[in-house]
Structures are given as structure tokens and as C-alpha cells.
Protein chains: 2
Amino acid sequence: MAKDYGQFCGLAKASSVLGERWSLLIARDLSVAPRRFKDLHEGLPGVPTSVLTARLRDLQVAGVVTRVADERPGGGVLYALTPHGRALETILDALGRWGAGAMAAPGPQDVITDASLAAALRASYQPRATCTTTSYLIHTGAATAWAEATPTAITVGLGVPDLLADLTIHSGPELRAVLAGDLSPAAALSSGAVRIEGSSDVFERFVRTFHVPLTEAAMEVTR
Amino acid sequence: MAKDYGQFCGLAKASSVLGERWSLLIARDLSVAPRRFKDLHEGLPGVPTSVLTARLRDLQVAGVVTRVADERPGGGVLYALTPHGRALETILDALGRWGAGAMAAPGPQDVITDASLAAALRASYQPRATCTTTSYLIHTGAATAWAEATPTAITVGLGVPDLLADLTIHSGPELRAVLAGDLSPAAALSSGAVRIEGSSDVFERFVRTFHVPLTEAAMEVTR
DNA sequence: CCGCATCCGAATGGATACTG
DNA sequence: CAGTATCCATTCGGATGCGG
């Protein structure tokens with residue numbers, strides 16, 4: 001069980017619940033979709049099963065995570081966020097934006113997982129940046145995620161969605177430079193760093209809709 | 001140096017910077033005011049000096065914290081947040097609100113520090129809840145902090161401010177129940193749980209201006 | 001297989017004592 | 001005041017094993 005800090009303080013409580021190694025990333029993965037133990041284990045490279053078990057138990061005790069039966073054939077158990085855990089979503093997004101601003105170039109060992117890609121899309125979504133509802137399918141490295149952006153809401157998911165996307169993007173980690181404004185959409189396409197299936201106009205819309213801001217103003221958490 | 005997670009992900013980066021034990025609370029204390037090493041050590045009960053040294057070094061390497069000279073007579077060194085670190089302020093507040101919703105009653109060992117009280121006031125501030133600029137001085141347990149609330153902004157600080165406050169509040173941890181709406185201002189005053197110097201009208205304004213939302217999980221525990 | 005427990009070497013945290 | 005140095009307890013990471 002997580003240690004506390006001996007302080008009567010909301011932040012100390014939050015830190016004792018989420019401050020253990022891997023906890024935030026478990027919450028991130030579950031904030032995108034309920035997952036099996038095995039999904040979580042594969043999406044968190046290096047986590048020992050014993051630690052994953054312990055974290056999931058701690059998060060259940062803290063009321064953040066719950067176990068639900070998998071409805072699909074084959075059954076099994078899914079881990080999912082409780083309502084209290086879902087309240088973390090905007091905070092995780094804000095933390096992700098904050099960390100993204102300080103991210104170094106990816107090392108050779110760094111991976112991108114489906115869930116981290118989906119979470120990054122959700123975190124970088126800019127409301128009111130587009131007037132048109134558009135669906136995207138994004139491949140970066142070995143990760144695949146999709147997003148459907150309306151003018152005021154974003155939905156993201158893992159892997160390939162059921163419906164055909166308006167735009168499909170193939171890229172490596174260079175996609176982040178585009179979303180940060182460091183690499184223009186046109187340059188990304190012409191250099192071959194990003195390959196798309198769909199119109200370049202829609203790719204420009206994508207870049208307007210998803211943005212990693214560099215100013216502090218954009219790091220605000222929506223209350 | 002903090003371990004990373006082998007993921008090219010903003011949240012993984014944030015977690016490697018802030019996920020180590022004590023880091024969030026150090027950031028919280030510094031988000032209220034620059035502090036000396038000794039202040040931080042006293043405000044974080046139980047942290048060994050060696051760990052505090054290591055965290056401050058890691059946070060400096062991460063560009064969150066910087067060392068500045070203390071201008072006041074006596075000199076010395078102050079730790080302060082960098083602009084990048086100050087961008088965490090709204091995130092710390094949101095995390096504090098999230099954690100406050102799940103907080104249990106304070107144990108006998110739990111302390112309230114000046115910085116945690118000031119941070120809690122900042123986090124619980126409700127913009128547009130009042131039309132009048134008001135200054136408060138709050139004592140809870142051994143902690144003292146002040147706040148000046150305008151209709152759209154909040155300023156908080158440690159200890160006793162230079163100017164006389166419009167309202168001075170003496171309380172124990174029961175103050176949280178008032179801010180959570182579990183205890184009416186009138187009941188808090190008449191029961192003696194809260195003692196004020198100033199008008200009870202201004203105390204009502206205080207309770208409207210600072211509010212901790214209760215989550216479902218916490219309400220279940222309270223019932 | 002999936003979820004979880006066990007075992008072990010390495011790394012980290014906690015408490016105390018000590019130094020520029 | 002602002003840290004280092006030291007020792008010990010705990011945790012983590014990785015491999016392996018067990019029951020359904």
C-alpha cells in the first residue's frame with residue numbers, strides 16, 4: 001500500500017495515490033479504454049507483473065480503478081477507471097502537455113504505444129480549431145490509434161476503428177514536431193517524414209486541430 | 001537521476017520528472033513562494049536532507065526549479081520555480097482538488113503546513129463567486145496563510161501578511177468540512193469549530209469564494 | 001495462455017550523524 | 001545554513017513458477 005506523507009492536504013493524498021512508479025501510466029492507458037492485465041503489461045514496457053498487480057490493487061483500494069467483466073466472447077476481466085478515476089482525465093491531459101513541452105528527441109529505446117498515442121491526441125486536441133467533424137487514423141512507429149474530432153469534442157481509441165477514416169497518417173516520431181509547429185505540414189509531407197492517405201487539406205486541418213502548445217497559457221486545466 | 005519509462009510520451013516524461021516521492025510536494029511549496037532549503041525541510045515532515053537534496057537537484061536538471069540569491073539581509077540561497085515550473089501551478093491545483101475529494105479525516109499524525117494551507121486556498125478559489133475584493137488571514141492548527149481574493153484572481157502567501165486582513169479565521173481541520181459544504185458557516189461558528197475576527201457576513205463570503213468539491217467516492221465514505 | 005505470487009540482486013528511500 | 005556520508009529497510013526489475 002502506498003505510503004502517505006503525514007499531511008492533511010489534497011495534493012499529498014493525490015501524490016500518495018498516483019505517485020508510485022507506473023501508476024500515472026496505468027491511469028493513462030485506462031483513460032483511453034478498459035484493458036486486460038495483459039494489454040496493460042504489454043503497453044508498459046518493463047513493468048514486472050508483480051508491480052502491475054500491486055499497482056492495480058492499490059488503485060482499486062483508492063477507488064480509481066475497478067474490475068469489470070469483459071462482455072465480448074471469450075470473457076475475462078477488464079480493468080477500467082471508476083468515475084473518480086475518470087475525473088483524472090483532464091489532469092492527465094494537462095500533465096501530458098506539460099511534459100511534452102520538455103520532451104527530448106526520442107531515444108532509440110523509446111516506444112510509442114497505442115494508448116500513449118491516443119492519449120497524446122486527446123491531450124493535444126484544440127476545441128474550436130475546426131468547424132468540420134473529421135475522423136483520423138494515425139500510425140506512428142508500431143502504434144495505431146484513431147480520433148474523431150468535432151468542433152467541441154474529441155473521441156480517441158486504440159487500433160483501427162470500424163469505420164473508414166477521412167484521413168490516414170503514417171509517420172514516425174516526427175509527427176510531434178508537426179504538432180508542435182516546428183515542422184510545417186507541407187514540409188513534413190514533401191520530406192516523406194509523414195505519408196497520408198487523403199487530401200493534404202485535411203492534413204492541414206489535422207495539424208490545426210491537434211497542437212502541442214509551447215506557451216504556458218495553454219497548459220491550463222479545464223475546471 | 002529519475003528513471004524514465006522508455007516511452008516517447010509527454011505524460012511519461014512528466015511522471016519521470018514529478019513522480020519521485022516528495023517531488024510534487026516540493027513543487028507545491030515552491031509554487032506558493034521561493035523557500036530556503038531549511039524551509040522546505042521543515043515543511044515536508046519526514047523527508048531526509050539527502051533525499052531533499054537529490055530531488056532539488058533532479059528538479060533543477062529538469063528545468064523546474066532554480067536557485068536564486070536571497071535579496072534580504074542575511075543573504076543565502078532560495079529555491080524557486082522556473083517559468084516551466086510555474087506552468088505546473090494550475091495542474092497542482094487540479095490534482096489537489098482531485099485528491100481533496102478523496103481525503104479521509106485527518107489522522108492524529110497529519111499536519112497542515114503553511115504552504116499546504118496556502119496551496120489549498122489557491123486550489124479551492126472560485127472565480128466570480130464574489131464581487132468584492134477581500135483579504136483573509138487563516139490559522140488552522142499550527143499553519144498560517146493569507147489570501148486576497150478579487151472577483152477574478154487569487155493571491156496567497158505564507159504566514160501573516162503586512163496589511164491587516166478583512167477577516168481572520170481560527171480553525172482546525174474542520175475548516176475543510178465547511179469548504180466542502182458539509183458544515184454550514186453558521187453551524188461552524190456556533191459550535192465553536194471556527195472562530196473569526198470580523199463579520200460573519202464576510203465569513204459567508206469566504207465560504208462562497210473557496211470551495212472544495214466532494215466526489216462520489218468521498219461522499220460514500222462520509223455517509 | 002492469463003492473472004498473479006515468489007524469489008533474488010540492484011537500486012532507492014529513511015534515519016542519523018557529521019562537515020564546509 | 002546547506003548540505004554529505006553512512007547504514008539499513010524497503011522497493012523495484014527481472015525471471016520463474018503456479019493455478020485456472
# chains A, B, ... in the order shown; residues from 1 in each chain; ligands from 1
call {"tool": "residues_around", "arguments": {"residues": "range 200-216 of chain A", "least_positions_apart": "5", "cutoff": "7 Å", "atoms": "only C-alpha atoms (C1' of nucleotides)", "output": "PyMOL selection string"}}
result
(chain A and resi 97+101+121+124-126+129-130+167+179-180+185) or (chain B and resi 87)
call {"tool": "write_last_selection", "arguments": {"atoms": "C-alpha atoms", "output": "PDB file, in the first residue's frame"}}
result
ATOM      1  CA  ARG A  97       1.013  18.634 -22.405  1.00  0.00           C
ATOM      2  CA  GLY A 101       6.893  20.662 -23.800  1.00  0.00           C
ATOM      3  CA  LEU A 121      -4.088  13.029 -29.447  1.00  0.00           C
ATOM      4  CA  SER A 124      -3.367  17.966 -27.924  1.00  0.00           C
ATOM      5  CA  TYR A 125      -6.901  18.491 -29.220  1.00  0.00           C
ATOM      6  CA  GLN A 126      -7.805  22.151 -29.699  1.00  0.00           C
ATOM      7  CA  ALA A 129      -9.918  24.876 -34.160  1.00  0.00           C
ATOM      8  CA  THR A 130     -12.064  23.260 -36.832  1.00  0.00           C
ATOM      9  CA  LEU A 167      -7.562  10.798 -43.297  1.00  0.00           C
ATOM     10  CA  LEU A 179       2.059  19.179 -33.872  1.00  0.00           C
ATOM     11  CA  ALA A 180       4.482  21.472 -32.049  1.00  0.00           C
ATOM     12  CA  PRO A 185       2.654  20.174 -42.699  1.00  0.00           C
TER      13      PRO A 185
ATOM     14  CA  ALA B  87       3.284  26.293 -15.577  1.00  0.00           C
TER      15      ALA B  87
END
call {"tool": "calpha_fit_rmsd", "arguments": {"fixed": "chain B", "moving": "chain A"}}
result
4.0 Å
call {"tool": "select_by_dssp", "arguments": {"residues": "range 31-138 of chain A", "states": "strand (DSSP E or B)", "output": "list in words"}}
result
Arg35, Val65, Thr66, Arg67, Val68, Ala69, Val77, Leu78, Tyr79, Ala80, Leu81, Val111, Tyr125, Thr134, Ser135, Tyr136, Leu137 and Ile138 of chain A
call {"tool": "write_last_selection", "arguments": {"atoms": "N, CA, C and O atoms", "output": "PDB file, in the first residue's frame"}}
result
ATOM      1  N   ARG A  35      -8.861  -2.114 -20.202  1.00  0.00           N
ATOM      2  CA  ARG A  35      -7.847  -3.026 -20.730  1.00  0.00           C
ATOM      3  C   ARG A  35      -7.745  -4.262 -19.871  1.00  0.00           C
ATOM      4  O   ARG A  35      -8.062  -4.247 -18.686  1.00  0.00           O
ATOM      5  N   VAL A  65      -9.685   2.614  -9.842  1.00  0.00           N
ATOM      6  CA  VAL A  65      -9.802   1.551 -10.843  1.00  0.00           C
ATOM      7  C   VAL A  65     -10.785   0.511 -10.336  1.00  0.00           C
ATOM      8  O   VAL A  65     -10.912   0.291  -9.125  1.00  0.00           O
ATOM      9  N   THR A  66     -11.489  -0.109 -11.271  1.00  0.00           N
ATOM     10  CA  THR A  66     -12.382  -1.194 -10.915  1.00  0.00           C
ATOM     11  C   THR A  66     -12.235  -2.326 -11.923  1.00  0.00           C
ATOM     12  O   THR A  66     -11.768  -2.106 -13.038  1.00  0.00           O
ATOM     13  N   ARG A  67     -12.574  -3.515 -11.496  1.00  0.00           N
ATOM     14  CA  ARG A  67     -12.558  -4.680 -12.383  1.00  0.00           C
ATOM     15  C   ARG A  67     -13.953  -4.927 -12.907  1.00  0.00           C
ATOM     16  O   ARG A  67     -14.901  -4.968 -12.132  1.00  0.00           O
ATOM     17  N   VAL A  68     -14.073  -5.107 -14.209  1.00  0.00           N
ATOM     18  CA  VAL A  68     -15.375  -5.400 -14.798  1.00  0.00           C
ATOM     19  C   VAL A  68     -15.234  -6.617 -15.699  1.00  0.00           C
ATOM     20  O   VAL A  68     -14.148  -6.917 -16.190  1.00  0.00           O
ATOM     21  N   ALA A  69     -16.332  -7.304 -15.890  1.00  0.00           N
ATOM     22  CA  ALA A  69     -16.312  -8.471 -16.770  1.00  0.00           C
ATOM     23  C   ALA A  69     -16.264  -8.011 -18.222  1.00  0.00           C
ATOM     24  O   ALA A  69     -16.909  -7.027 -18.596  1.00  0.00           O
ATOM     25  N   VAL A  77     -11.474 -10.576 -17.669  1.00  0.00           N
ATOM     26  CA  VAL A  77     -11.627  -9.437 -16.779  1.00  0.00           C
ATOM     27  C   VAL A  77     -11.011  -8.208 -17.426  1.00  0.00           C
ATOM     28  O   VAL A  77      -9.943  -8.288 -18.034  1.00  0.00           O
ATOM     29  N   LEU A  78     -11.690  -7.093 -17.298  1.00  0.00           N
ATOM     30  CA  LEU A  78     -11.142  -5.826 -17.757  1.00  0.00           C
ATOM     31  C   LEU A  78     -10.925  -4.910 -16.562  1.00  0.00           C
ATOM     32  O   LEU A  78     -11.716  -4.920 -15.614  1.00  0.00           O
ATOM     33  N   TYR A  79      -9.869  -4.136 -16.618  1.00  0.00           N
ATOM     34  CA  TYR A  79      -9.668  -3.069 -15.648  1.00  0.00           C
ATOM     35  C   TYR A  79     -10.152  -1.772 -16.285  1.00  0.00           C
ATOM     36  O   TYR A  79      -9.879  -1.510 -17.458  1.00  0.00           O
ATOM     37  N   ALA A  80     -10.872  -0.984 -15.514  1.00  0.00           N
ATOM     38  CA  ALA A  80     -11.432   0.262 -16.042  1.00  0.00           C
ATOM     39  C   ALA A  80     -11.364   1.334 -14.972  1.00  0.00           C
ATOM     40  O   ALA A  80     -11.211   1.026 -13.782  1.00  0.00           O
ATOM     41  N   LEU A  81     -11.465   2.587 -15.378  1.00  0.00           N
ATOM     42  CA  LEU A  81     -11.494   3.679 -14.412  1.00  0.00           C
ATOM     43  C   LEU A  81     -12.888   3.799 -13.806  1.00  0.00           C
ATOM     44  O   LEU A  81     -13.895   3.613 -14.491  1.00  0.00           O
ATOM     45  N   VAL A 111       9.562   3.789 -27.055  1.00  0.00           N
ATOM     46  CA  VAL A 111       8.484   3.262 -27.876  1.00  0.00           C
ATOM     47  C   VAL A 111       7.282   4.195 -27.797  1.00  0.00           C
ATOM     48  O   VAL A 111       7.180   5.047 -26.913  1.00  0.00           O
ATOM     49  N   TYR A 125      -5.710  18.016 -28.496  1.00  0.00           N
ATOM     50  CA  TYR A 125      -6.901  18.491 -29.220  1.00  0.00           C
ATOM     51  C   TYR A 125      -7.208  19.947 -28.873  1.00  0.00           C
ATOM     52  O   TYR A 125      -7.200  20.325 -27.698  1.00  0.00           O
ATOM     53  N   THR A 134     -14.224  15.416 -38.282  1.00  0.00           N
ATOM     54  CA  THR A 134     -13.323  14.634 -39.117  1.00  0.00           C
ATOM     55  C   THR A 134     -12.792  13.462 -38.328  1.00  0.00           C
ATOM     56  O   THR A 134     -12.525  13.581 -37.127  1.00  0.00           O
ATOM     57  N   SER A 135     -12.636  12.337 -39.001  1.00  0.00           N
ATOM     58  CA  SER A 135     -12.065  11.158 -38.337  1.00  0.00           C
ATOM     59  C   SER A 135     -10.685  10.884 -38.914  1.00  0.00           C
ATOM     60  O   SER A 135     -10.449  11.022 -40.118  1.00  0.00           O
ATOM     61  N   TYR A 136      -9.785  10.525 -38.006  1.00  0.00           N
ATOM     62  CA  TYR A 136      -8.392  10.301 -38.379  1.00  0.00           C
ATOM     63  C   TYR A 136      -7.943   8.925 -37.906  1.00  0.00           C
ATOM     64  O   TYR A 136      -8.386   8.442 -36.856  1.00  0.00           O
ATOM     65  N   LEU A 137      -7.071   8.330 -38.689  1.00  0.00           N
ATOM     66  CA  LEU A 137      -6.396   7.099 -38.289  1.00  0.00           C
ATOM     67  C   LEU A 137      -4.907   7.378 -38.355  1.00  0.00           C
ATOM     68  O   LEU A 137      -4.403   7.802 -39.405  1.00  0.00           O
ATOM     69  N   ILE A 138      -4.214   7.175 -37.241  1.00  0.00           N
ATOM     70  CA  ILE A 138      -2.805   7.560 -37.167  1.00  0.00           C
ATOM     71  C   ILE A 138      -1.942   6.350 -36.846  1.00  0.00           C
ATOM     72  O   ILE A 138      -2.199   5.620 -35.886  1.00  0.00           O
TER      73      ILE A 138
END
call {"tool": "interface_residues", "arguments": {"of": "chain B", "to": "chain A", "cutoff": "7 Å", "atoms": "only C-alpha atoms", "output": "PyMOL selection string"}}
result
chain B and resi 6-15+19-21+24-25+87+90-91+94-100+103+106+109-112+116+215+217
call {"tool": "interface_residues", "arguments": {"of": "chain D", "to": "chain B", "cutoff": "10 Å", "atoms": "only C-alpha atoms (C1' of nucleotides)", "output": "VMD selection string"}}
result
chain D and resid 1 to 5
call {"tool": "write_last_selection", "arguments": {"atoms": "N, CA, C and O atoms (P, O5', C5', C4', C3', O3' and C1' of nucleotides)", "output": "mmCIF file, in the first residue's frame"}}
result
data_model
loop_
_atom_site.group_PDB
_atom_site.id
_atom_site.type_symbol
_atom_site.label_atom_id
_atom_site.label_comp_id
_atom_site.auth_asym_id
_atom_site.auth_seq_id
_atom_site.Cartn_x
_atom_site.Cartn_y
_atom_site.Cartn_z
ATOM 1 P P DC D 1 19.408 27.986 10.613
ATOM 2 O "O5'" DC D 1 19.993 28.033 9.130
ATOM 3 C "C5'" DC D 1 20.232 29.224 8.444
ATOM 4 C "C4'" DC D 1 21.084 28.885 7.256
ATOM 5 C "C3'" DC D 1 20.396 27.930 6.281
ATOM 6 O "O3'" DC D 1 20.573 28.442 4.973
ATOM 7 C "C1'" DC D 1 22.507 27.051 6.950
ATOM 8 P P DA D 2 19.731 27.773 3.800
ATOM 9 O "O5'" DA D 2 20.691 26.625 3.243
ATOM 10 C "C5'" DA D 2 21.919 26.999 2.658
ATOM 11 C "C4'" DA D 2 22.738 25.779 2.352
ATOM 12 C "C3'" DA D 2 21.965 24.673 1.602
ATOM 13 O "O3'" DA D 2 22.760 24.197 0.536
ATOM 14 C "C1'" DA D 2 23.043 23.785 3.482
ATOM 15 P P DG D 3 22.013 23.467 -0.723
ATOM 16 O "O5'" DG D 3 21.545 22.043 -0.176
ATOM 17 C "C5'" DG D 3 22.260 20.901 -0.557
ATOM 18 C "C4'" DG D 3 23.454 20.672 0.368
ATOM 19 C "C3'" DG D 3 24.080 19.315 0.248
ATOM 20 O "O3'" DG D 3 25.123 19.333 -0.687
ATOM 21 C "C1'" DG D 3 24.016 20.125 2.518
ATOM 22 P P DT D 4 25.494 18.010 -1.511
ATOM 23 O "O5'" DT D 4 26.748 17.311 -0.812
ATOM 24 C "C5'" DT D 4 26.757 17.084 0.501
ATOM 25 C "C4'" DT D 4 27.981 16.339 0.990
ATOM 26 C "C3'" DT D 4 28.172 14.920 0.482
ATOM 27 O "O3'" DT D 4 29.515 14.527 0.719
ATOM 28 C "C1'" DT D 4 27.304 14.883 2.690
ATOM 29 P P DA D 5 30.008 13.075 0.277
ATOM 30 O "O5'" DA D 5 29.760 12.203 1.586
ATOM 31 C "C5'" DA D 5 30.322 12.612 2.829
ATOM 32 C "C4'" DA D 5 30.195 11.491 3.861
ATOM 33 C "C3'" DA D 5 30.245 10.078 3.279
ATOM 34 O "O3'" DA D 5 31.007 9.254 4.151
ATOM 35 C "C1'" DA D 5 28.180 10.408 4.413
#
call {"tool": "closest_atom_pairs", "arguments": {"of": "chain C", "to": "chain B", "cutoff": "8 Å", "atoms": "only C-alpha atoms (C1' of nucleotides)", "output": "tab-separated table"}}
result
residue	atom	partner	partner_atom	distance
C:DG13	C1'	B:Val51	CA	7.6
C:DG14	C1'	B:Pro48	CA	6.6
C:DA15	C1'	B:Pro48	CA	7.4
call {"tool": "atom_distance", "arguments": {"atom1": "C1' of DA15 in chain D", "atom2": "C1' of DG3 in chain C"}}
result
16.6 Å
call {"tool": "select_by_dssp", "arguments": {"residues": "range 27-216 of chain A", "states": "helix (DSSP H, G or I)", "output": "number ranges by chain"}}
result
A: 27-32, 37-43, 49-61, 83-86, 89-101, 114-124, 174-179, 185-190, 200-209, 216
call {"tool": "atom_distance", "arguments": {"atom1": "CA of Ser184 in chain A", "atom2": "CA of Thr140 in chain A"}}
result
17.4 Å
call {"tool": "decode", "arguments": {"residues": "range 26-66 of chain A", "atoms": "N, CA and C atoms", "output": "compact mmCIF listing (two decimals), in the first residue's frame"}}
result
# COMPACT_ATOMS: atom_id res chain seq x y z
N ILE A 26 -0.58 3.74 -15.92
CA ILE A 26 -1.72 2.83 -15.87
C ILE A 26 -3.02 3.63 -16.02
N ALA A 27 -3.10 4.75 -15.29
CA ALA A 27 -4.29 5.58 -15.40
C ALA A 27 -4.44 6.12 -16.82
N ARG A 28 -3.34 6.50 -17.43
CA ARG A 28 -3.39 6.98 -18.82
C ARG A 28 -3.97 5.91 -19.74
N ASP A 29 -3.42 4.70 -19.65
CA ASP A 29 -3.91 3.63 -20.52
C ASP A 29 -5.38 3.35 -20.29
N LEU A 30 -5.79 3.32 -19.03
CA LEU A 30 -7.20 3.03 -18.75
C LEU A 30 -8.10 4.20 -19.11
N SER A 31 -7.55 5.40 -19.18
CA SER A 31 -8.38 6.56 -19.54
C SER A 31 -8.76 6.51 -21.01
N VAL A 32 -8.03 5.75 -21.78
CA VAL A 32 -8.37 5.62 -23.20
C VAL A 32 -9.40 4.53 -23.41
N ALA A 33 -9.22 3.41 -22.70
CA ALA A 33 -10.17 2.31 -22.83
C ALA A 33 -9.90 1.30 -21.72
N PRO A 34 -10.92 0.56 -21.31
CA PRO A 34 -10.69 -0.55 -20.37
C PRO A 34 -9.74 -1.55 -21.01
N ARG A 35 -8.86 -2.11 -20.20
CA ARG A 35 -7.85 -3.03 -20.73
C ARG A 35 -7.74 -4.26 -19.87
N ARG A 36 -7.24 -5.33 -20.50
CA ARG A 36 -6.92 -6.53 -19.75
C ARG A 36 -5.55 -6.37 -19.09
N PHE A 37 -5.31 -7.23 -18.12
CA PHE A 37 -3.99 -7.25 -17.48
C PHE A 37 -2.90 -7.36 -18.53
N LYS A 38 -3.11 -8.22 -19.47
CA LYS A 38 -2.09 -8.46 -20.50
C LYS A 38 -1.88 -7.23 -21.38
N ASP A 39 -2.96 -6.54 -21.73
CA ASP A 39 -2.83 -5.32 -22.51
C ASP A 39 -1.97 -4.30 -21.77
N LEU A 40 -2.28 -4.13 -20.49
CA LEU A 40 -1.53 -3.18 -19.69
C LEU A 40 -0.06 -3.57 -19.62
N HIS A 41 0.18 -4.85 -19.42
CA HIS A 41 1.56 -5.33 -19.30
C HIS A 41 2.33 -5.07 -20.58
N GLU A 42 1.68 -5.28 -21.71
CA GLU A 42 2.37 -5.07 -22.99
C GLU A 42 2.53 -3.59 -23.30
N GLY A 43 1.61 -2.78 -22.80
CA GLY A 43 1.67 -1.35 -23.10
C GLY A 43 2.58 -0.58 -22.16
N LEU A 44 3.13 -1.26 -21.16
CA LEU A 44 4.02 -0.60 -20.20
C LEU A 44 5.34 -1.34 -20.17
N PRO A 45 6.17 -1.09 -21.15
CA PRO A 45 7.38 -1.90 -21.29
C PRO A 45 8.24 -1.84 -20.03
N GLY A 46 8.59 -2.99 -19.51
CA GLY A 46 9.48 -3.05 -18.36
C GLY A 46 8.79 -3.24 -17.03
N VAL A 47 7.49 -3.09 -16.99
CA VAL A 47 6.85 -3.24 -15.68
C VAL A 47 6.76 -4.73 -15.34
N PRO A 48 7.23 -5.11 -14.17
CA PRO A 48 7.09 -6.50 -13.75
C PRO A 48 5.63 -6.79 -13.43
N THR A 49 5.23 -8.01 -13.68
CA THR A 49 3.84 -8.36 -13.42
C THR A 49 3.49 -8.17 -11.95
N SER A 50 4.48 -8.41 -11.09
CA SER A 50 4.19 -8.25 -9.67
C SER A 50 3.87 -6.80 -9.33
N VAL A 51 4.62 -5.88 -9.94
CA VAL A 51 4.38 -4.47 -9.68
C VAL A 51 3.05 -4.05 -10.28
N LEU A 52 2.75 -4.54 -11.48
CA LEU A 52 1.47 -4.20 -12.09
C LEU A 52 0.31 -4.68 -11.23
N THR A 53 0.43 -5.89 -10.73
CA THR A 53 -0.60 -6.41 -9.82
C THR A 53 -0.77 -5.51 -8.61
N ALA A 54 0.36 -5.13 -8.01
CA ALA A 54 0.30 -4.31 -6.81
C ALA A 54 -0.32 -2.95 -7.10
N ARG A 55 0.04 -2.34 -8.24
CA ARG A 55 -0.50 -1.01 -8.57
C ARG A 55 -2.00 -1.08 -8.81
N LEU A 56 -2.42 -2.12 -9.53
CA LEU A 56 -3.85 -2.25 -9.81
C LEU A 56 -4.62 -2.44 -8.51
N ARG A 57 -4.05 -3.17 -7.59
CA ARG A 57 -4.72 -3.35 -6.32
C ARG A 57 -4.79 -2.03 -5.56
N ASP A 58 -3.67 -1.31 -5.51
CA ASP A 58 -3.66 -0.01 -4.81
C ASP A 58 -4.67 0.95 -5.43
N LEU A 59 -4.73 0.97 -6.76
CA LEU A 59 -5.65 1.90 -7.42
C LEU A 59 -7.10 1.50 -7.19
N GLN A 60 -7.35 0.20 -7.02
CA GLN A 60 -8.70 -0.23 -6.68
C GLN A 60 -9.05 0.22 -5.26
N VAL A 61 -8.12 0.02 -4.35
CA VAL A 61 -8.36 0.44 -2.96
C VAL A 61 -8.61 1.93 -2.91
N ALA A 62 -7.92 2.68 -3.76
CA ALA A 62 -8.07 4.14 -3.75
C ALA A 62 -9.33 4.58 -4.49
N GLY A 63 -10.07 3.62 -5.08
CA GLY A 63 -11.30 3.99 -5.77
C GLY A 63 -11.08 4.58 -7.14
N VAL A 64 -9.92 4.35 -7.73
CA VAL A 64 -9.62 4.90 -9.05
C VAL A 64 -9.92 3.89 -10.14
N VAL A 65 -9.69 2.61 -9.84
CA VAL A 65 -9.80 1.55 -10.84
C VAL A 65 -10.78 0.51 -10.34
N THR A 66 -11.49 -0.11 -11.27
CA THR A 66 -12.38 -1.19 -10.91
C THR A 66 -12.23 -2.33 -11.92
